[in-house]
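So this block is my_file04.pdb, PDB, C-alpha atoms:
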```
ATOM      1  CA  MET A   1      20.042 -18.275  -3.448
ATOM      2  CA  ARG A   2      20.279 -15.110  -1.373
ATOM      3  CA  PHE A   3      17.452 -13.053   0.095
ATOM      4  CA  LYS A   4      17.555  -9.420   1.142
ATOM      5  CA  PHE A   5      14.682  -7.655   2.876
ATOM      6  CA  PHE A   6      14.154  -3.909   2.709
ATOM      7  CA  CYS A   7      12.206  -1.671   5.051
ATOM      8  CA  PRO A   8      10.153   1.137   3.508
ATOM      9  CA  ARG A   9      10.914   4.647   4.695
ATOM     10  CA  TRP A  10       7.272   5.357   3.816
ATOM     11  CA  GLY A  11       5.376   5.883   7.048
ATOM     12  CA  SER A  12       8.455   6.695   9.151
ATOM     13  CA  GLU A  13       9.356  10.075   7.704
ATOM     14  CA  ASP A  14       8.735  11.808  11.037
ATOM     15  CA  ILE A  15      11.689  10.171  12.795
ATOM     16  CA  SER A  16      15.357  10.881  12.203
ATOM     17  CA  TRP A  17      17.390   8.844   9.758
ATOM     18  CA  ASP A  18      19.601   7.682  12.598
ATOM     19  CA  LEU A  19      16.730   6.360  14.727
ATOM     20  CA  PHE A  20      15.011   4.873  11.707
ATOM     21  CA  CYS A  21      18.105   3.015  10.497
ATOM     22  CA  GLN A  22      18.787   1.734  14.008
ATOM     23  CA  LYS A  23      15.252   0.298  14.135
ATOM     24  CA  VAL A  24      15.665  -1.189  10.651
ATOM     25  CA  ARG A  25      18.910  -2.903  11.621
ATOM     26  CA  ASP A  26      17.499  -4.143  14.955
ATOM     27  CA  GLU A  27      14.504  -5.766  13.219
ATOM     28  CA  GLY A  28      16.768  -7.751  10.898
ATOM     29  CA  TYR A  29      16.256  -5.972   7.591
ATOM     30  CA  ASP A  30      19.140  -5.793   5.125
ATOM     31  CA  GLY A  31      18.379  -2.339   3.814
ATOM     32  CA  VAL A  32      15.965   0.514   3.171
ATOM     33  CA  GLU A  33      13.648   1.286   0.273
ATOM     34  CA  TYR A  34      13.631   5.072   0.153
ATOM     35  CA  GLY A  35      10.839   6.887  -1.675
ATOM     36  CA  ILE A  36      12.618  10.048  -2.824
ATOM     37  CA  PRO A  37      10.558  13.141  -3.727
ATOM     38  CA  ASN A  38      11.472  14.937  -6.929
ATOM     39  CA  ASP A  39      12.213  18.129  -4.988
ATOM     40  CA  VAL A  40      14.288  16.625  -2.165
ATOM     41  CA  ALA A  41      17.266  18.664  -0.967
ATOM     42  CA  ILE A  42      20.661  17.209  -1.814
ATOM     43  CA  GLY A  43      21.645  17.605   1.822
ATOM     44  CA  GLU A  44      18.823  15.254   2.750
ATOM     45  CA  LEU A  45      20.161  12.632   0.346
ATOM     46  CA  ASP A  46      23.704  13.031   1.616
ATOM     47  CA  GLY A  47      22.544  12.614   5.206
ATOM     48  CA  ALA A  48      20.468   9.570   4.353
ATOM     49  CA  TRP A  49      23.304   7.800   2.539
ATOM     50  CA  ASN A  50      25.754   8.602   5.323
ATOM     51  CA  THR A  51      23.366   6.948   7.765
ATOM     52  CA  PHE A  52      22.872   3.900   5.526
ATOM     53  CA  GLN A  53      26.640   3.479   5.504
ATOM     54  CA  LYS A  54      26.857   3.909   9.274
ATOM     55  CA  TYR A  55      24.403   1.053   9.843
ATOM     56  CA  ASP A  56      25.652  -1.097   6.947
ATOM     57  CA  LEU A  57      22.309  -0.959   5.142
ATOM     58  CA  GLU A  58      21.800  -1.293   1.409
ATOM     59  CA  VAL A  59      19.354   0.982  -0.351
ATOM     60  CA  ILE A  60      16.755   0.816  -3.101
ATOM     61  CA  PRO A  61      15.764   4.344  -4.198
ATOM     62  CA  GLN A  62      12.105   4.544  -5.162
ATOM     63  CA  HIS A  63      10.709   6.963  -7.713
ATOM     64  CA  TYR A  64       7.067   7.905  -7.288
ATOM     65  CA  GLY A  65       6.588  11.653  -7.605
ATOM     66  CA  THR A  66       6.483  12.615 -11.288
ATOM     67  CA  TYR A  67       2.844  13.567 -11.846
ATOM     68  CA  ASP A  68       2.907  16.033 -14.749
ATOM     69  CA  ALA A  69       0.060  15.499 -17.201
ATOM     70  CA  ASP A  70       2.015  17.224 -19.964
ATOM     71  CA  PHE A  71       4.282  14.526 -21.373
ATOM     72  CA  SER A  72       7.230  16.785 -22.202
ATOM     73  CA  ARG A  73       7.392  18.145 -18.658
ATOM     74  CA  HIS A  74       6.808  14.641 -17.296
ATOM     75  CA  PHE A  75       9.721  13.230 -19.279
ATOM     76  CA  ASP A  76      12.055  16.046 -18.240
ATOM     77  CA  ASN A  77      11.150  15.721 -14.552
ATOM     78  CA  TYR A  78      11.504  11.925 -14.618
ATOM     79  CA  ALA A  79      14.893  12.227 -16.297
ATOM     80  CA  ALA A  80      15.947  14.843 -13.737
ATOM     81  CA  TRP A  81      15.031  12.506 -10.866
ATOM     82  CA  LEU A  82      17.128   9.705 -12.326
ATOM     83  CA  GLU A  83      20.053  12.083 -12.816
ATOM     84  CA  MET A  84      19.677  13.350  -9.246
ATOM     85  CA  VAL A  85      20.026   9.874  -7.715
ATOM     86  CA  ARG A  86      22.760   8.646 -10.063
ATOM     87  CA  PRO A  87      25.715   9.618  -7.791
ATOM     88  CA  TYR A  88      24.311   7.619  -4.863
ATOM     89  CA  GLN A  89      25.144   3.952  -4.405
ATOM     90  CA  ALA A  90      22.112   1.710  -4.831
ATOM     91  CA  LEU A  91      21.356  -1.965  -5.285
ATOM     92  CA  LYS A  92      18.548  -1.309  -7.765
ATOM     93  CA  ILE A  93      15.862   1.322  -8.392
ATOM     94  CA  ASP A  94      12.122   0.846  -8.048
ATOM     95  CA  SER A  95      10.219   3.156 -10.379
ATOM     96  CA  GLN A  96       6.546   4.053 -10.487
ATOM     97  CA  THR A  97       6.701   5.044 -14.124
ATOM     98  CA  GLY A  98       4.553   7.037 -16.525
ATOM     99  CA  LYS A  99       0.809   7.485 -16.439
ATOM    100  CA  ASP A 100      -2.118   5.214 -17.170
ATOM    101  CA  TYR A 101      -3.428   7.721 -19.737
ATOM    102  CA  PHE A 102      -0.161   8.218 -21.645
ATOM    103  CA  SER A 103       0.081   6.382 -24.943
ATOM    104  CA  PHE A 104       2.151   3.239 -25.336
ATOM    105  CA  GLU A 105       4.800   5.197 -27.231
ATOM    106  CA  GLN A 106       5.001   7.894 -24.568
ATOM    107  CA  ASN A 107       5.400   5.428 -21.730
ATOM    108  CA  LYS A 108       7.888   3.483 -23.843
ATOM    109  CA  LYS A 109      10.083   6.607 -24.061
ATOM    110  CA  LEU A 110      10.178   6.757 -20.265
ATOM    111  CA  ILE A 111      11.037   3.051 -20.080
ATOM    112  CA  GLU A 112      13.814   3.542 -22.625
ATOM    113  CA  HIS A 113      15.220   6.473 -20.675
ATOM    114  CA  ALA A 114      15.281   4.349 -17.522
ATOM    115  CA  ALA A 115      17.220   1.709 -19.468
ATOM    116  CA  HIS A 116      19.640   4.426 -20.600
ATOM    117  CA  HIS A 117      20.116   5.425 -16.964
ATOM    118  CA  SER A 118      20.892   1.803 -16.097
ATOM    119  CA  ARG A 119      23.560   1.629 -18.781
ATOM    120  CA  LEU A 120      25.163   4.834 -17.496
ATOM    121  CA  SER A 121      25.012   4.015 -13.800
ATOM    122  CA  GLY A 122      25.157   0.225 -13.672
ATOM    123  CA  VAL A 123      22.024   0.278 -11.479
ATOM    124  CA  GLU A 124      19.004  -1.453 -12.975
ATOM    125  CA  VAL A 125      15.597   0.215 -12.908
ATOM    126  CA  PHE A 126      12.542  -1.979 -12.364
ATOM    127  CA  HIS A 127       9.073  -0.630 -13.052
ATOM    128  CA  GLU A 128       6.579  -1.124 -10.253
ATOM    129  CA  THR A 129       3.100  -2.457 -10.960
ATOM    130  CA  HIS A 130       1.071   0.425  -9.587
ATOM    131  CA  ARG A 131      -2.275   2.129 -10.082
ATOM    132  CA  ASN A 132      -2.164   5.384 -12.043
ATOM    133  CA  LYS A 133       1.106   4.347 -13.773
ATOM    134  CA  PHE A 134       1.634   2.531 -17.074
ATOM    135  CA  THR A 135       1.548  -0.763 -15.151
ATOM    136  CA  PHE A 136      -1.823  -0.041 -13.517
ATOM    137  CA  ALA A 137      -3.519  -3.289 -14.563
ATOM    138  CA  ALA A 138      -2.433  -6.844 -15.311
ATOM    139  CA  HIS A 139      -3.772  -6.941 -18.864
ATOM    140  CA  ILE A 140      -2.182  -3.591 -19.790
ATOM    141  CA  THR A 141       1.196  -4.586 -18.327
ATOM    142  CA  PHE A 142       0.949  -7.873 -20.240
ATOM    143  CA  ASP A 143       0.866  -5.854 -23.469
ATOM    144  CA  TYR A 144       3.966  -3.843 -22.483
ATOM    145  CA  LEU A 145       5.850  -6.965 -21.389
ATOM    146  CA  SER A 146       4.917  -8.735 -24.614
ATOM    147  CA  ARG A 147       6.133  -5.857 -26.778
ATOM    148  CA  ILE A 148       9.263  -4.804 -24.821
ATOM    149  CA  ALA A 149      11.494  -7.838 -24.399
ATOM    150  CA  ASP A 150      13.893  -6.373 -21.831
ATOM    151  CA  LEU A 151      11.234  -4.796 -19.594
ATOM    152  CA  ARG A 152      11.514  -5.971 -15.978
ATOM    153  CA  ILE A 153       9.212  -5.139 -13.098
ATOM    154  CA  THR A 154       8.694  -4.804  -9.387
ATOM    155  CA  LEU A 155       5.708  -7.018  -8.697
ATOM    156  CA  ASP A 156       3.127  -5.424  -6.421
ATOM    157  CA  ALA A 157       0.082  -7.497  -7.264
ATOM    158  CA  SER A 158      -2.007  -5.782  -4.583
ATOM    159  CA  HIS A 159      -2.726  -2.970  -7.063
ATOM    160  CA  TRP A 160      -3.859  -5.339  -9.791
ATOM    161  CA  VAL A 161      -6.166  -7.220  -7.423
ATOM    162  CA  ASN A 162      -7.775  -3.909  -6.518
ATOM    163  CA  VAL A 163      -8.068  -2.681 -10.122
ATOM    164  CA  ALA A 164      -9.543  -5.958 -11.377
ATOM    165  CA  GLU A 165     -11.767  -6.487  -8.309
ATOM    166  CA  SER A 166     -10.590 -10.079  -8.283
ATOM    167  CA  PHE A 167      -7.686 -12.359  -7.457
ATOM    168  CA  LEU A 168      -6.901 -12.453 -11.197
ATOM    169  CA  GLY A 169      -7.884 -16.067 -11.750
ATOM    170  CA  ASP A 170      -9.076 -15.161 -15.239
ATOM    171  CA  GLN A 171      -5.778 -13.452 -16.178
ATOM    172  CA  GLN A 172      -3.341 -16.317 -15.787
ATOM    173  CA  ASP A 173      -1.306 -15.497 -18.894
ATOM    174  CA  ALA A 174      -0.734 -11.957 -17.634
ATOM    175  CA  MET A 175       0.309 -13.194 -14.199
ATOM    176  CA  ASP A 176       2.628 -15.833 -15.638
ATOM    177  CA  LEU A 177       4.459 -13.293 -17.797
ATOM    178  CA  ALA A 178       4.669 -10.805 -14.925
ATOM    179  CA  ILE A 179       6.168 -13.467 -12.657
ATOM    180  CA  ALA A 180       8.706 -14.336 -15.368
ATOM    181  CA  ARG A 181       9.839 -10.688 -15.514
ATOM    182  CA  THR A 182       9.849  -9.875 -11.783
ATOM    183  CA  GLU A 183      13.148  -8.648 -10.281
ATOM    184  CA  HIS A 184      11.859  -7.134  -7.023
ATOM    185  CA  ILE A 185       8.817  -7.884  -4.855
ATOM    186  CA  HIS A 186       6.635  -5.529  -2.861
ATOM    187  CA  ALA A 187       5.108  -7.834  -0.283
ATOM    188  CA  ARG A 188       1.837  -6.091   0.418
ATOM    189  CA  VAL A 189      -1.453  -7.984   0.365
ATOM    190  CA  GLY A 190      -4.387  -6.514  -1.506
ATOM    191  CA  TYR A 191      -7.993  -7.607  -1.813
ATOM    192  CA  PRO A 192     -10.610  -6.973  -4.504
ATOM    193  CA  GLU A 193     -11.837  -3.723  -2.942
ATOM    194  CA  GLY A 194      -8.517  -2.295  -1.772
ATOM    195  CA  PRO A 195      -4.721  -2.401  -2.145
ATOM    196  CA  GLN A 196      -4.006  -3.267   1.495
ATOM    197  CA  VAL A 197      -5.696  -5.638   3.926
ATOM    198  CA  PRO A 198      -5.944  -4.162   7.441
ATOM    199  CA  ASP A 199      -3.757  -6.833   9.044
ATOM    200  CA  PRO A 200      -2.017  -9.648   7.129
ATOM    201  CA  ALA A 201      -1.914 -11.830  10.257
ATOM    202  CA  ALA A 202      -5.692 -11.742  10.790
ATOM    203  CA  PRO A 203      -7.415 -15.018   9.828
ATOM    204  CA  GLU A 204     -10.206 -13.246   7.955
ATOM    205  CA  TRP A 205      -7.616 -12.063   5.403
ATOM    206  CA  ASN A 206      -5.967 -15.442   4.920
ATOM    207  CA  GLU A 207      -7.523 -16.011   1.482
ATOM    208  CA  ALA A 208      -5.971 -12.796   0.178
ATOM    209  CA  LEU A 209      -2.632 -13.645   1.795
ATOM    210  CA  GLN A 210      -2.556 -17.099   0.219
ATOM    211  CA  HIS A 211      -3.110 -15.711  -3.289
ATOM    212  CA  HIS A 212      -0.153 -13.355  -2.896
ATOM    213  CA  LEU A 213       2.049 -16.035  -1.354
ATOM    214  CA  ASN A 214       1.318 -18.252  -4.335
ATOM    215  CA  TRP A 215       2.537 -15.546  -6.736
ATOM    216  CA  TRP A 216       5.649 -14.847  -4.684
ATOM    217  CA  ASP A 217       6.395 -18.580  -4.441
ATOM    218  CA  LYS A 218       6.440 -18.752  -8.229
ATOM    219  CA  VAL A 219       8.931 -15.895  -8.420
ATOM    220  CA  ILE A 220      11.171 -17.701  -5.933
ATOM    221  CA  GLU A 221      10.922 -20.963  -7.890
ATOM    222  CA  ARG A 222      11.943 -19.132 -11.060
ATOM    223  CA  LYS A 223      14.878 -17.435  -9.353
ATOM    224  CA  ARG A 224      16.156 -20.784  -8.062
ATOM    225  CA  ALA A 225      17.245 -21.661 -11.583
ATOM    226  CA  GLU A 226      19.477 -18.591 -11.826
ATOM    227  CA  PRO A 227      23.123 -18.855 -10.746
ATOM    228  CA  ASP A 228      23.830 -16.927  -7.538
ATOM    229  CA  ALA A 229      20.262 -15.637  -7.516
ATOM    230  CA  LEU A 230      19.394 -12.643  -5.346
ATOM    231  CA  VAL A 231      15.800 -12.091  -4.273
ATOM    232  CA  THR A 232      14.913  -8.667  -2.914
ATOM    233  CA  ILE A 233      11.664  -8.112  -1.025
ATOM    234  CA  THR A 234      10.171  -5.009   0.533
ATOM    235  CA  PRO A 235       7.210  -5.612   2.847
ATOM    236  CA  GLU A 236       5.269  -2.486   1.933
ATOM    237  CA  PHE A 237       2.223  -2.036   4.104
ATOM    238  CA  GLY A 238       1.721   1.705   4.224
ATOM    239  CA  PRO A 239       0.346   4.408   6.498
ATOM    240  CA  TYR A 240      -2.897   6.349   6.014
ATOM    241  CA  PRO A 241      -4.683   6.350   3.589
ATOM    242  CA  TYR A 242      -3.505   2.823   2.713
ATOM    243  CA  MET A 243      -3.875   2.060   6.405
ATOM    244  CA  VAL A 244      -7.534   2.795   7.124
ATOM    245  CA  HIS A 245      -8.136   4.861  10.248
ATOM    246  CA  LEU A 246     -10.945   4.325  12.706
ATOM    247  CA  PRO A 247     -13.692   6.938  12.342
ATOM    248  CA  TYR A 248     -13.709   9.926  14.672
ATOM    249  CA  SER A 249     -10.652   8.879  16.695
ATOM    250  CA  GLN A 250      -8.473   8.742  13.556
ATOM    251  CA  ASN A 251      -6.435   5.976  15.190
ATOM    252  CA  PRO A 252      -4.832   3.515  12.745
ATOM    253  CA  ILE A 253      -6.682   0.231  12.486
ATOM    254  CA  SER A 254      -3.437  -1.719  12.999
ATOM    255  CA  ASP A 255       0.304  -1.092  13.359
ATOM    256  CA  GLN A 256       2.056  -0.426  10.051
ATOM    257  CA  TRP A 257       5.536  -1.169  11.370
ATOM    258  CA  ALA A 258       4.394  -4.429  12.978
ATOM    259  CA  ASN A 259       2.615  -5.507   9.792
ATOM    260  CA  ASN A 260       5.790  -5.116   7.751
ATOM    261  CA  VAL A 261       7.929  -6.926  10.326
ATOM    262  CA  TYR A 262       5.338  -9.719  10.431
ATOM    263  CA  MET A 263       5.471 -10.049   6.651
ATOM    264  CA  MET A 264       9.274 -10.101   6.588
ATOM    265  CA  ASN A 265       9.456 -12.804   9.255
ATOM    266  CA  LEU A 266       6.719 -14.842   7.595
ATOM    267  CA  LEU A 267       8.646 -14.847   4.315
ATOM    268  CA  LYS A 268      11.996 -15.528   5.976
ATOM    269  CA  GLU A 269      10.486 -18.627   7.561
ATOM    270  CA  ARG A 270       8.658 -19.648   4.381
ATOM    271  CA  TYR A 271      11.804 -19.516   2.251
ATOM    272  CA  ARG A 272      14.288 -20.701   4.870
ATOM    273  CA  GLU A 273      15.045 -23.880   2.900
ATOM    274  CA  PHE A 274      16.330 -21.780  -0.013
ATOM    275  CA  TYR A 275      18.844 -19.758   2.012
TER     276      TYR A 275
END
```

As a first step, turn the structure in this file into structure tokens.
Amino acid sequence: MRFKFFCPRWGSEDISWDLFCQKVRDEGYDGVEYGIPNDVAIGELDGAWNTFQKYDLEVIPQHYGTYDADFSRHFDNYAAWLEMVRPYQALKIDSQTGKDYFSFEQNKKLIEHAAHHSRLSGVEVFHETHRNKFTFAAHITFDYLSRIADLRITLDASHWVNVAESFLGDQQDAMDLAIARTEHIHARVGYPEGPQVPDPAAPEWNEALQHHLNWWDKVIERKRAEPDALVTITPEFGPYPYMVHLPYSQNPISDQWANNVYMMNLLKERYREFY
């Protein structure tokens, strides 16, 4: 079993690609998860990929920015994003897909187009469990997973905990199916009133951490049975407004970069026996 850890670009957009990738490599990550806007300049992509190559970092492009309420425009813009990233080498793609208010059939068309992209490019697209997208809640995603046999996901259970205002103890069937279909993990810790605890190392948030570790452990156990299994994990604690700021001073309540490094090192140690 192999593990690869990815650092989110999210929260570090104000520093150069070169400095960012140097920091990523120095911390011990294997690659970068790069949230790419729909309107990014091609020169920006070229520069990013040149820097990934320079530092021997793999990349997971992340789609997040198709917001159109009109489905036809939404579909066209989503398809255009996938076409834009197709020439660039990637390990896999993380996609925040569709809208929570689109119909099943509409969201299914987006899922099918992502699968078409995968066949063309050889790069698989995994659909992130995320508020405001078709995967916004555990019970809704359970329906999609039950009806679309080849649907695979990025598991970010922090969103579901927030949406359900619980640690999902009453939705075990939904969690079991999600774990069975997980091909990428976003290792952020949520709690019933929010998608991100202030500091995953703080003892007062240990209950929330343990629930998420239990779900991730089950993904790892499942992957153990696969030949030459690869587990990819992005610690994804984010900046403001995910990271709450202190009132008046507007100082962050903790250090985003340190939180993600802490989570990576915690999971490296936890799964050391599987390496």

Please identify every residue of range 2-98 of chain A that has at least one atom no farther than 8 Å from an atom of range 116-127 of chain A, counting all atoms listed in the file, and for each give the shortest atom pair and the distance in Å to one decimal, arranged by chain then increasing number, as a Markdown table.
```
| residue | atom | partner | partner_atom | distance |
| --- | --- | --- | --- | --- |
| A:Leu82 | CA | A:His117 | CA | 7.0 |
| A:Glu83 | CA | A:His117 | CA | 7.8 |
| A:Arg86 | CA | A:Ser121 | CA | 6.4 |
| A:Ala90 | CA | A:Val123 | CA | 6.8 |
| A:Leu91 | CA | A:Val123 | CA | 6.6 |
| A:Lys92 | CA | A:Glu124 | CA | 5.2 |
| A:Ile93 | CA | A:Val125 | CA | 4.7 |
| A:Asp94 | CA | A:Phe126 | CA | 5.2 |
| A:Ser95 | CA | A:His127 | CA | 4.8 |
| A:Gln96 | CA | A:His127 | CA | 5.9 |
| A:Thr97 | CA | A:His127 | CA | 6.2 |
```

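Distances from A:Met84, A:Asp173, A:Glu128, A:Trp205 to Gly98 in chain A were compared using all atoms listed in the file, and the smallest one belongs to A:Glu128.
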
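You can rank A:Glu204, A:Asp76, A:Asp46, A:Glu193 by their closest distance to Asn162 in chain A using all atoms listed in the file, and at the top of that list sits A:Glu193.
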
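Every protein or nucleic acid residue with an atom no more than 9 Å from Leu177 in chain A, counting only C-alpha atoms and leaving out same-chain residues fewer than 3 positions away, appears here: Phe142, Leu145, Ser146, Gln172, Asp173, Ala174, Ala180, Arg181 and Thr182 of chain A.
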
One number please: CA of Lys268 in chain A to CA of Ser16 in chain A, in Å, one decimal.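 The value is 27.3 Å.
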
Please list as a ChimeraX atom specification every residue within 12 Å of range 132-134 of chain A, counting all atoms listed in the file and excluding residues in the same chain fewer than 6 positions away. /A:63-69,95-111,140-145,153,159-160,163

Could you pull the residues within 6 Å of Pro235 in chain A, counting only C-alpha atoms, minus those fewer than 5 positions along the same chain, as a list of chain:residue names?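 Once the nearby chain positions are removed, what remains is A:His186, A:Ala187, A:Arg188, A:Asn260.
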
Which residue, A:Arg73, A:Ala115, A:Leu209, A:Ala201, has the smallest gap to Ser158 in chain A when you use all atoms listed in the file?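 Closest to Ser158 in chain A, using all atoms listed in the file: A:Leu209.
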
Expanded to explicit residues, what is the PyMOL selection byres ((chain A and resi 54) around 12) for this file, as a PyMOL selection string? chain A and resi 17-19+21-22+25+31+47-53+55-58

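Taken over the shown file, the PyMOL selection byres ((chain A and resi 242) around 9) identifies Gly194, Pro195, Gln196, Val197, Pro198, Phe237, Gly238, Pro239, Tyr240, Pro241, Met243 and Val244 of chain A.
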
Fill-in result for range 201-214 of chain A, N, CA, C and O atoms as a compact mmCIF listing (two decimals), keeping the file's coordinate frame:
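File written: out.txt
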```txt
# COMPACT_ATOMS: atom_id res chain seq x y z
N ALA A 201 -1.91 -10.69 9.34
CA ALA A 201 -1.91 -11.83 10.26
C ALA A 201 -3.32 -12.27 10.64
O ALA A 201 -3.50 -13.36 11.18
N ALA A 202 -4.32 -11.44 10.37
CA ALA A 202 -5.69 -11.74 10.79
C ALA A 202 -6.27 -12.87 9.95
O ALA A 202 -6.14 -12.87 8.72
N PRO A 203 -6.92 -13.85 10.58
CA PRO A 203 -7.42 -15.02 9.83
C PRO A 203 -8.44 -14.67 8.76
O PRO A 203 -8.54 -15.37 7.75
N GLU A 204 -9.19 -13.60 8.95
CA GLU A 204 -10.21 -13.25 7.96
C GLU A 204 -9.60 -12.78 6.64
O GLU A 204 -10.30 -12.71 5.62
N TRP A 205 -8.29 -12.48 6.64
CA TRP A 205 -7.62 -12.06 5.40
C TRP A 205 -6.70 -13.15 4.86
O TRP A 205 -5.89 -12.89 3.97
N ASN A 206 -6.86 -14.36 5.34
CA ASN A 206 -5.97 -15.44 4.92
C ASN A 206 -6.12 -15.77 3.44
O ASN A 206 -5.13 -16.10 2.77
N GLU A 207 -7.34 -15.71 2.90
CA GLU A 207 -7.52 -16.01 1.48
C GLU A 207 -6.70 -15.06 0.62
O GLU A 207 -6.00 -15.49 -0.31
N ALA A 208 -6.75 -13.77 0.94
CA ALA A 208 -5.97 -12.80 0.18
C ALA A 208 -4.48 -13.06 0.33
O ALA A 208 -3.72 -13.03 -0.65
N LEU A 209 -4.05 -13.35 1.55
CA LEU A 209 -2.63 -13.64 1.80
C LEU A 209 -2.17 -14.84 0.97
O LEU A 209 -1.09 -14.80 0.36
N GLN A 210 -2.97 -15.88 0.93
CA GLN A 210 -2.56 -17.10 0.22
C GLN A 210 -2.41 -16.86 -1.28
O GLN A 210 -1.50 -17.41 -1.93
N HIS A 211 -3.26 -16.04 -1.86
CA HIS A 211 -3.11 -15.71 -3.29
C HIS A 211 -1.77 -15.02 -3.55
O HIS A 211 -1.06 -15.37 -4.50
N HIS A 212 -1.42 -14.06 -2.70
CA HIS A 212 -0.15 -13.36 -2.90
C HIS A 212 1.05 -14.26 -2.64
O HIS A 212 2.03 -14.23 -3.38
N LEU A 213 0.95 -15.09 -1.61
CA LEU A 213 2.05 -16.04 -1.35
C LEU A 213 2.27 -16.96 -2.54
O LEU A 213 3.43 -17.28 -2.88
N ASN A 214 1.20 -17.38 -3.16
CA ASN A 214 1.32 -18.25 -4.34
C ASN A 214 2.08 -17.55 -5.46
O ASN A 214 2.95 -18.16 -6.10
```
